[in-house]
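Participant: Take this structure first; my questions come after.
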Amino acid sequence: MAHIASCELRKKLDRFGKVDLIYAPTPFARLENMTRELGGPEIYIKRDDLTGLAFGGNKSRKLQYIIHDIIDRKCDAVITWASLQSNWCLQTAAAARRYGIAPILLLFSPVGVPEEFDGNLLLDHILDADIHIQKGEEGRIVTMEEAEAHVEVLMRQAMEWGYTPYHAPIGGSFVGGSMDRPLGAIGYVEGFLELYDQAQRQGLSFTHVIHASGSGGTQAGLVVGAAAVDDSVHIIGISVSEGRKSYTALVKGICLDTMDALKLGFDLPDEKIDVRDDYLQAGYGVVTKEVCEILRKTAVLEGIYLDPVYTGKAMIALTDLIKKGELTRDHRAVFYHTGGTAALFPHRKTITSHLTD
Ligand SMILES: Cc1ncc(COP(=O)(O)O)c(C=O)c1O
């Protein structure tokens with residue numbers, strides 16, 4: 001069932017300004033070898049790892065709208081935060097550079113993670129981002145409130161340095177900081193429409209979308225897009241860090257903000273937000289043998305690299321759902337590749353040791 005025609009939803013999206021940042025539509029293709037090997041549904045891939053900004057990834061689709069907002073508000077610096085090897089921070093810094101905006105990054109360094117210039121941290125450095133590293137405490141992850149308090153201090157400093165700074169909330173989809181609409185999730189409503197149009201042009205109707213879910217914006221955008229134009233499509237978000245109950249509530253909140261911003265006047269039943277927390281493995285960012293094996297399997301079968309923190313876990317989920325019979329030959333599943341491959345390199349020792357024993 002459709003609540004609204006896809007062309008009508010596109011008109012609503014067009015009311016949000018966005019800058020030219022990515023090569024879209026990103027590719028959509030069938031994974032022939034994976035489909036044959038797994039013996040379940042037809043498997044397709046949507047390649048948002050190939051958005052074309054920096055090393056590609058879902059954050060650049062979101063940043064099209066966020067950078068426009070920064071320019072609209074006449075800001076000349078963007079401040080955001082996340083962990084040391086954050087894909088979000090790299091993409092924000094690269095997008096900011098493209099539009100002459102100064103990138104200021106607050107990176108939280110977990111105890112035990114080397115602070116060498118590698119992976120995304122190396123790429124941040126090449127972009128000459130203003131990098132502030134905050135050391136973590138043993139056995140404890142920084143809370144959102146603590147991080148935001150640090151950002152507020154940096155915001156004041158940036159003003160003293162002569163900037164008009166914009167505080168972009170982590171992940172780009174929470175209403176907060178300088179952002180009064182869930183712009184990142186709006187980007188993924190558009191991501192869903194783009195995928196839907198590509199499939200329709202090929203005469204294909206997909207039944208499921210499987211993707212890695214971390215701060216909620218990608219899932220919220222895909223869920224709202226599907227609920228609006230074709231609610232037979234089932235979006236499955238694979239949580240990489242949080243338990244199902246609390247994460248479902250977080251995604252729901254972003255969905256409601258997104259529907260409000262787009263003035264979509266229908267109800268979103270709770271069951272539309274399908275979060276799976278069975279694939280957390282040993283926790284956020286812990287690279288297990290199973291993750292390494294799926295990286296290899298995908299590369300060997302399709303010549304496609306996944307990342308060890310997000311998309312590797314989502315692919316483990318896809319294969320498991322086929323094994324368990326939830327996804328069958330009657331289905332057509334899209335694996336939404338959200339990028340993150342620069343994170344392979346800081347994990348090279350773990351990956352090589354798991355793949356050589
Ligand atoms: C590579 C990659 N995939 C998926 C995600 C999850 O996206 P979201 O934060 O929108 O849930 C992220 C970021 O958290 C990411 O960096």
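Chain labels run A, B, ... following the order of the structure tokens; each chain numbers its residues from 1, and ligands are numbered from 1 in the order shown.
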Excluding Asn33 (chain A) and residues on its chain fewer than 4 positions from it, collect all residues at most 7 Å away from it, counting only C-alpha atoms, and give them as number ranges by chain.

Facilitator: A: 37, 301-302

Participant: Produce a file of the selected residues containing C-alpha atoms, as a PDB file, in the first residue's frame.

Facilitator:
```
ATOM      1  CA  GLU A  37      25.983 -19.429  -2.960  1.00  0.00           C
ATOM      2  CA  LEU A 301      32.383 -13.969  -4.246  1.00  0.00           C
ATOM      3  CA  GLU A 302      31.733 -10.456  -5.515  1.00  0.00           C
TER       4      GLU A 302
END
```

Participant: Per DSSP on the backbone, what are the helix (DSSP H, G or I) residues of region 54-268 of chain A, as a count of residues only?

Facilitator: 105

Participant: At a cut-off of 7 Å and counting only C-alpha atoms and all ligand atoms, what residues surround ligand 1? Please answer as number ranges by chain.

Facilitator: A: 57-58, 86-88, 171, 212-219, 307, 310-311, 338-340

Participant: What gap, in Å, lies between CA of Thr341 (chain A) and CA of Leu321 (chain A)?

Facilitator: 23.6 Å

Participant: Got a sec: who's within 12 Å of Val275 (chain A), counting only C-alpha atoms, leaving out chain neighbours fewer than 5 positions off, as a ChimeraX atom specification?

Facilitator: /A:210-214,216,219-220,223,234-252,270,280,314,317

Participant: Take the residues just selected and output them with N, CA and C atoms as a compact mmCIF listing (two decimals), in the first residue's frame.

Facilitator:
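The new file result_5.txt reads:
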```txt
# COMPACT_ATOMS: atom_id res chain seq x y z
N ILE A 210 18.21 -4.76 3.92
CA ILE A 210 18.99 -5.07 5.14
C ILE A 210 20.17 -4.10 5.19
N HIS A 211 20.38 -3.47 6.33
CA HIS A 211 21.48 -2.50 6.41
C HIS A 211 22.00 -2.39 7.84
N ALA A 212 23.20 -1.84 7.97
CA ALA A 212 23.79 -1.62 9.29
C ALA A 212 23.20 -0.35 9.90
N SER A 213 22.91 -0.41 11.20
CA SER A 213 22.25 0.71 11.87
C SER A 213 23.06 1.12 13.10
N GLY A 214 23.39 2.42 13.21
CA GLY A 214 24.26 2.85 14.31
C GLY A 214 23.72 4.01 15.11
N GLY A 216 20.84 5.66 13.87
CA GLY A 216 19.39 5.62 13.63
C GLY A 216 18.89 6.35 12.39
N GLN A 219 18.27 4.16 9.09
CA GLN A 219 17.09 3.31 9.24
C GLN A 219 15.81 4.14 9.23
N ALA A 220 15.81 5.25 9.98
CA ALA A 220 14.59 6.07 10.04
C ALA A 220 14.21 6.56 8.65
N VAL A 223 12.86 3.65 6.57
CA VAL A 223 11.55 3.22 7.07
C VAL A 223 10.46 4.20 6.64
N HIS A 234 10.01 -4.42 3.58
CA HIS A 234 10.39 -4.61 4.99
C HIS A 234 11.84 -4.15 5.18
N ILE A 235 12.03 -3.15 6.02
CA ILE A 235 13.38 -2.64 6.29
C ILE A 235 13.89 -3.33 7.57
N ILE A 236 15.07 -3.93 7.49
CA ILE A 236 15.64 -4.57 8.69
C ILE A 236 16.96 -3.89 9.04
N GLY A 237 16.98 -3.23 10.18
CA GLY A 237 18.20 -2.54 10.63
C GLY A 237 18.99 -3.45 11.56
N ILE A 238 20.27 -3.63 11.25
CA ILE A 238 21.12 -4.49 12.06
C ILE A 238 21.92 -3.60 13.01
N SER A 239 21.53 -3.64 14.27
CA SER A 239 22.21 -2.78 15.25
C SER A 239 23.66 -3.23 15.45
N VAL A 240 24.56 -2.26 15.49
CA VAL A 240 25.97 -2.60 15.70
C VAL A 240 26.41 -2.25 17.12
N SER A 241 25.53 -1.60 17.89
CA SER A 241 26.01 -1.16 19.20
C SER A 241 24.99 -1.22 20.32
N GLU A 242 23.70 -1.18 20.03
CA GLU A 242 22.74 -1.01 21.13
C GLU A 242 21.68 -2.10 21.11
N GLY A 243 21.11 -2.36 22.27
CA GLY A 243 20.06 -3.38 22.39
C GLY A 243 18.79 -2.95 21.66
N ARG A 244 17.97 -3.96 21.31
CA ARG A 244 16.81 -3.72 20.45
C ARG A 244 15.82 -2.71 21.03
N LYS A 245 15.51 -2.85 22.34
CA LYS A 245 14.43 -2.04 22.90
C LYS A 245 14.76 -0.54 22.86
N SER A 246 15.91 -0.19 23.41
CA SER A 246 16.24 1.24 23.47
C SER A 246 16.52 1.79 22.07
N TYR A 247 17.12 0.96 21.21
CA TYR A 247 17.45 1.46 19.87
C TYR A 247 16.19 1.65 19.01
N THR A 248 15.21 0.76 19.21
CA THR A 248 13.94 0.90 18.46
C THR A 248 13.28 2.23 18.83
N ALA A 249 13.32 2.57 20.12
CA ALA A 249 12.70 3.83 20.56
C ALA A 249 13.43 5.03 19.93
N LEU A 250 14.76 4.90 19.85
CA LEU A 250 15.55 6.00 19.26
C LEU A 250 15.20 6.17 17.78
N VAL A 251 15.14 5.05 17.05
CA VAL A 251 14.81 5.13 15.61
C VAL A 251 13.40 5.68 15.44
N LYS A 252 12.49 5.24 16.29
CA LYS A 252 11.10 5.71 16.18
C LYS A 252 11.04 7.24 16.33
N ASP A 270 4.36 0.54 15.08
CA ASP A 270 5.62 0.18 15.73
C ASP A 270 6.36 -0.94 15.01
N LEU A 280 25.37 -8.25 17.38
CA LEU A 280 26.29 -7.31 18.02
C LEU A 280 27.67 -7.94 18.19
N ALA A 314 26.13 -6.49 9.12
CA ALA A 314 24.85 -6.55 8.38
C ALA A 314 24.86 -7.73 7.41
N ALA A 317 24.18 -10.88 9.21
CA ALA A 317 22.74 -10.97 9.46
C ALA A 317 22.01 -11.48 8.22
```

Participant: Need the shell around Gly172 (chain A): protein/DNA/RNA residues with any atom at most 9 Å away, counting only C-alpha atoms. Skip same-chain ones fewer than 3 positions apart. Format as number ranges by chain?

Facilitator: A: 59, 62-63, 66, 88, 168-169, 175, 179, 182-185, 215, 217

Participant: Using N, CA and C atoms, can you export the residues from the last selection as a tab-separated table (two decimals), in the first residue's frame?

Facilitator:
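As a result, result03.tsv now contains:
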```tsv
chain	number	residue	atom	x	y	z
A	59	LYS	N	27.07	8.68	5.18
A	59	LYS	CA	27.05	10.01	5.77
A	59	LYS	C	27.06	11.11	4.70
A	62	LYS	N	23.61	12.06	3.70
A	62	LYS	CA	22.98	12.92	4.71
A	62	LYS	C	23.53	14.35	4.62
A	63	LEU	N	24.84	14.43	4.38
A	63	LEU	CA	25.50	15.74	4.45
A	63	LEU	C	25.10	16.68	3.31
A	66	ILE	N	22.77	18.72	5.18
A	66	ILE	CA	23.33	19.40	6.36
A	66	ILE	C	24.25	20.55	5.92
A	88	TRP	N	31.59	9.13	10.14
A	88	TRP	CA	30.79	10.37	10.14
A	88	TRP	C	31.70	11.61	10.16
A	168	ALA	N	26.94	20.22	14.47
A	168	ALA	CA	26.20	19.12	13.80
A	168	ALA	C	26.14	17.93	14.74
A	169	PRO	N	24.94	17.48	15.11
A	169	PRO	CA	24.85	16.35	16.05
A	169	PRO	C	25.43	15.07	15.46
A	175	VAL	N	17.64	15.87	16.07
A	175	VAL	CA	17.34	17.29	16.17
A	175	VAL	C	18.06	17.78	17.42
A	179	MET	N	20.98	22.04	14.55
A	179	MET	CA	20.08	21.46	13.54
A	179	MET	C	18.66	21.32	14.07
A	182	PRO	N	15.63	16.70	11.23
A	182	PRO	CA	16.50	15.50	11.13
A	182	PRO	C	17.03	15.35	9.70
A	183	LEU	N	17.95	16.24	9.32
A	183	LEU	CA	18.32	16.35	7.90
A	183	LEU	C	18.98	15.08	7.36
A	184	GLY	N	19.75	14.38	8.21
A	184	GLY	CA	20.39	13.15	7.74
A	184	GLY	C	19.34	12.10	7.36
A	185	ALA	N	18.31	11.98	8.17
A	185	ALA	CA	17.26	11.00	7.87
A	185	ALA	C	16.49	11.40	6.61
A	215	SER	N	23.39	5.12	14.42
A	215	SER	CA	22.83	6.26	15.15
A	215	SER	C	21.37	6.49	14.76
A	217	GLY	N	19.67	7.28	11.84
A	217	GLY	CA	19.16	8.12	10.76
A	217	GLY	C	18.93	7.37	9.46
```

Participant: Near Pro27 (chain A), within 8 Å and counting only C-alpha atoms, which residues show up once chain neighbours fewer than 5 positions away are dropped, as a ChimeraX atom specification?

Facilitator: /A:46-48,50

Participant: If we count only C-alpha atoms and set the cut-off at 10 Å, which residues sit around Lys74 (chain A), ignoring sequence neighbours fewer than 4 positions away in its own chain? Please answer as a list in words.

Facilitator: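 The filter keeps His68, Asp69, Ile70, Thr164, Pro165 and Tyr166 of chain A.
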
Participant: Generate the output file for the selected residues, all heavy atoms, as a PDB file, in the first residue's frame.

Facilitator:
```pdb
ATOM      1  N   HIS A  68      24.003  22.232   3.240  1.00  0.00           N
ATOM      2  CA  HIS A  68      23.122  23.312   2.759  1.00  0.00           C
ATOM      3  C   HIS A  68      22.623  24.139   3.944  1.00  0.00           C
ATOM      4  O   HIS A  68      22.597  25.374   3.891  1.00  0.00           O
ATOM      5  CB  HIS A  68      21.951  22.721   1.978  1.00  0.00           C
ATOM      6  CG  HIS A  68      21.096  23.769   1.327  1.00  0.00           C
ATOM      7  ND1 HIS A  68      20.115  24.457   2.011  1.00  0.00           N
ATOM      8  CD2 HIS A  68      21.117  24.287   0.078  1.00  0.00           C
ATOM      9  CE1 HIS A  68      19.546  25.339   1.204  1.00  0.00           C
ATOM     10  NE2 HIS A  68      20.141  25.260   0.022  1.00  0.00           N
ATOM     11  N   ASP A  69      22.262  23.469   5.019  1.00  0.00           N
ATOM     12  CA  ASP A  69      21.758  24.167   6.209  1.00  0.00           C
ATOM     13  C   ASP A  69      22.858  25.055   6.817  1.00  0.00           C
ATOM     14  O   ASP A  69      22.596  26.184   7.250  1.00  0.00           O
ATOM     15  CB  ASP A  69      21.275  23.134   7.233  1.00  0.00           C
ATOM     16  CG  ASP A  69      20.387  23.737   8.307  1.00  0.00           C
ATOM     17  OD1 ASP A  69      19.540  24.598   7.966  1.00  0.00           O
ATOM     18  OD2 ASP A  69      20.536  23.362   9.484  1.00  0.00           O
ATOM     19  N   ILE A  70      24.094  24.522   6.810  1.00  0.00           N
ATOM     20  CA  ILE A  70      25.221  25.291   7.369  1.00  0.00           C
ATOM     21  C   ILE A  70      25.414  26.581   6.559  1.00  0.00           C
ATOM     22  O   ILE A  70      25.570  27.673   7.119  1.00  0.00           O
ATOM     23  CB  ILE A  70      26.518  24.437   7.348  1.00  0.00           C
ATOM     24  CG1 ILE A  70      26.378  23.225   8.286  1.00  0.00           C
ATOM     25  CG2 ILE A  70      27.744  25.277   7.737  1.00  0.00           C
ATOM     26  CD1 ILE A  70      27.540  22.232   8.249  1.00  0.00           C
ATOM     27  N   THR A 164      31.892  31.527  12.839  1.00  0.00           N
ATOM     28  CA  THR A 164      30.480  31.366  13.173  1.00  0.00           C
ATOM     29  C   THR A 164      30.218  29.864  13.046  1.00  0.00           C
ATOM     30  O   THR A 164      29.980  29.346  11.950  1.00  0.00           O
ATOM     31  CB  THR A 164      29.595  32.160  12.175  1.00  0.00           C
ATOM     32  OG1 THR A 164      30.049  33.508  12.163  1.00  0.00           O
ATOM     33  CG2 THR A 164      28.133  32.097  12.559  1.00  0.00           C
ATOM     34  N   PRO A 165      30.333  29.112  14.163  1.00  0.00           N
ATOM     35  CA  PRO A 165      30.303  27.644  14.049  1.00  0.00           C
ATOM     36  C   PRO A 165      28.893  27.057  14.054  1.00  0.00           C
ATOM     37  O   PRO A 165      27.951  27.643  14.609  1.00  0.00           O
ATOM     38  CB  PRO A 165      31.072  27.205  15.298  1.00  0.00           C
ATOM     39  CG  PRO A 165      30.822  28.288  16.289  1.00  0.00           C
ATOM     40  CD  PRO A 165      30.607  29.574  15.538  1.00  0.00           C
ATOM     41  N   TYR A 166      28.800  25.895  13.465  1.00  0.00           N
ATOM     42  CA  TYR A 166      27.554  25.107  13.406  1.00  0.00           C
ATOM     43  C   TYR A 166      27.825  23.793  14.126  1.00  0.00           C
ATOM     44  O   TYR A 166      28.801  23.115  13.836  1.00  0.00           O
ATOM     45  CB  TYR A 166      27.218  24.846  11.940  1.00  0.00           C
ATOM     46  CG  TYR A 166      25.932  24.089  11.660  1.00  0.00           C
ATOM     47  CD1 TYR A 166      24.795  24.774  11.218  1.00  0.00           C
ATOM     48  CD2 TYR A 166      25.867  22.695  11.756  1.00  0.00           C
ATOM     49  CE1 TYR A 166      23.622  24.093  10.900  1.00  0.00           C
ATOM     50  CE2 TYR A 166      24.696  22.010  11.453  1.00  0.00           C
ATOM     51  CZ  TYR A 166      23.577  22.712  11.017  1.00  0.00           C
ATOM     52  OH  TYR A 166      22.426  22.029  10.701  1.00  0.00           O
TER      53      TYR A 166
END
```

Participant: Nearest residue to Ile101 (chain A) out of A:Ser205, A:Glu115, A:Tyr163, A:Ala147, using only C-alpha atoms?

Facilitator: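 Closest residue, counting only C-alpha atoms: A:Tyr163.
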
Participant: I'd like the neighbourhood of Leu105 (chain A) as a PyMOL selection string, where a residue qualifies if any of its atoms comes within 7 Å (using only C-alpha atoms), though same-chain residues fewer than 3 positions away should be ignored.

Facilitator: chain A and resi 79-81+89+129-132

Participant: Find the distance between CA of Leu38 (chain A) and CA of Val309 (chain A) and write it in Å to one decimal.

Facilitator: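 Computed distance, CA of Leu38 (chain A) to CA of Val309 (chain A), equals 22.4 Å.
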
Participant: Go through A:Leu204, A:Leu107, A:Ala95, A:Ile4 one by one, measure the shortest atom-to-atom distance of each to Ala29 (chain A) using only C-alpha atoms, and give the residue with the smallest value.

Facilitator: A:Leu204

Participant: I'd like to know which residues of region 153-268 of chain A are strand (DSSP E or B) (by DSSP, run on the backbone); could you write them as a PyMOL selection string?

Facilitator: chain A and resi 165-167+176+179+208-213+234-239
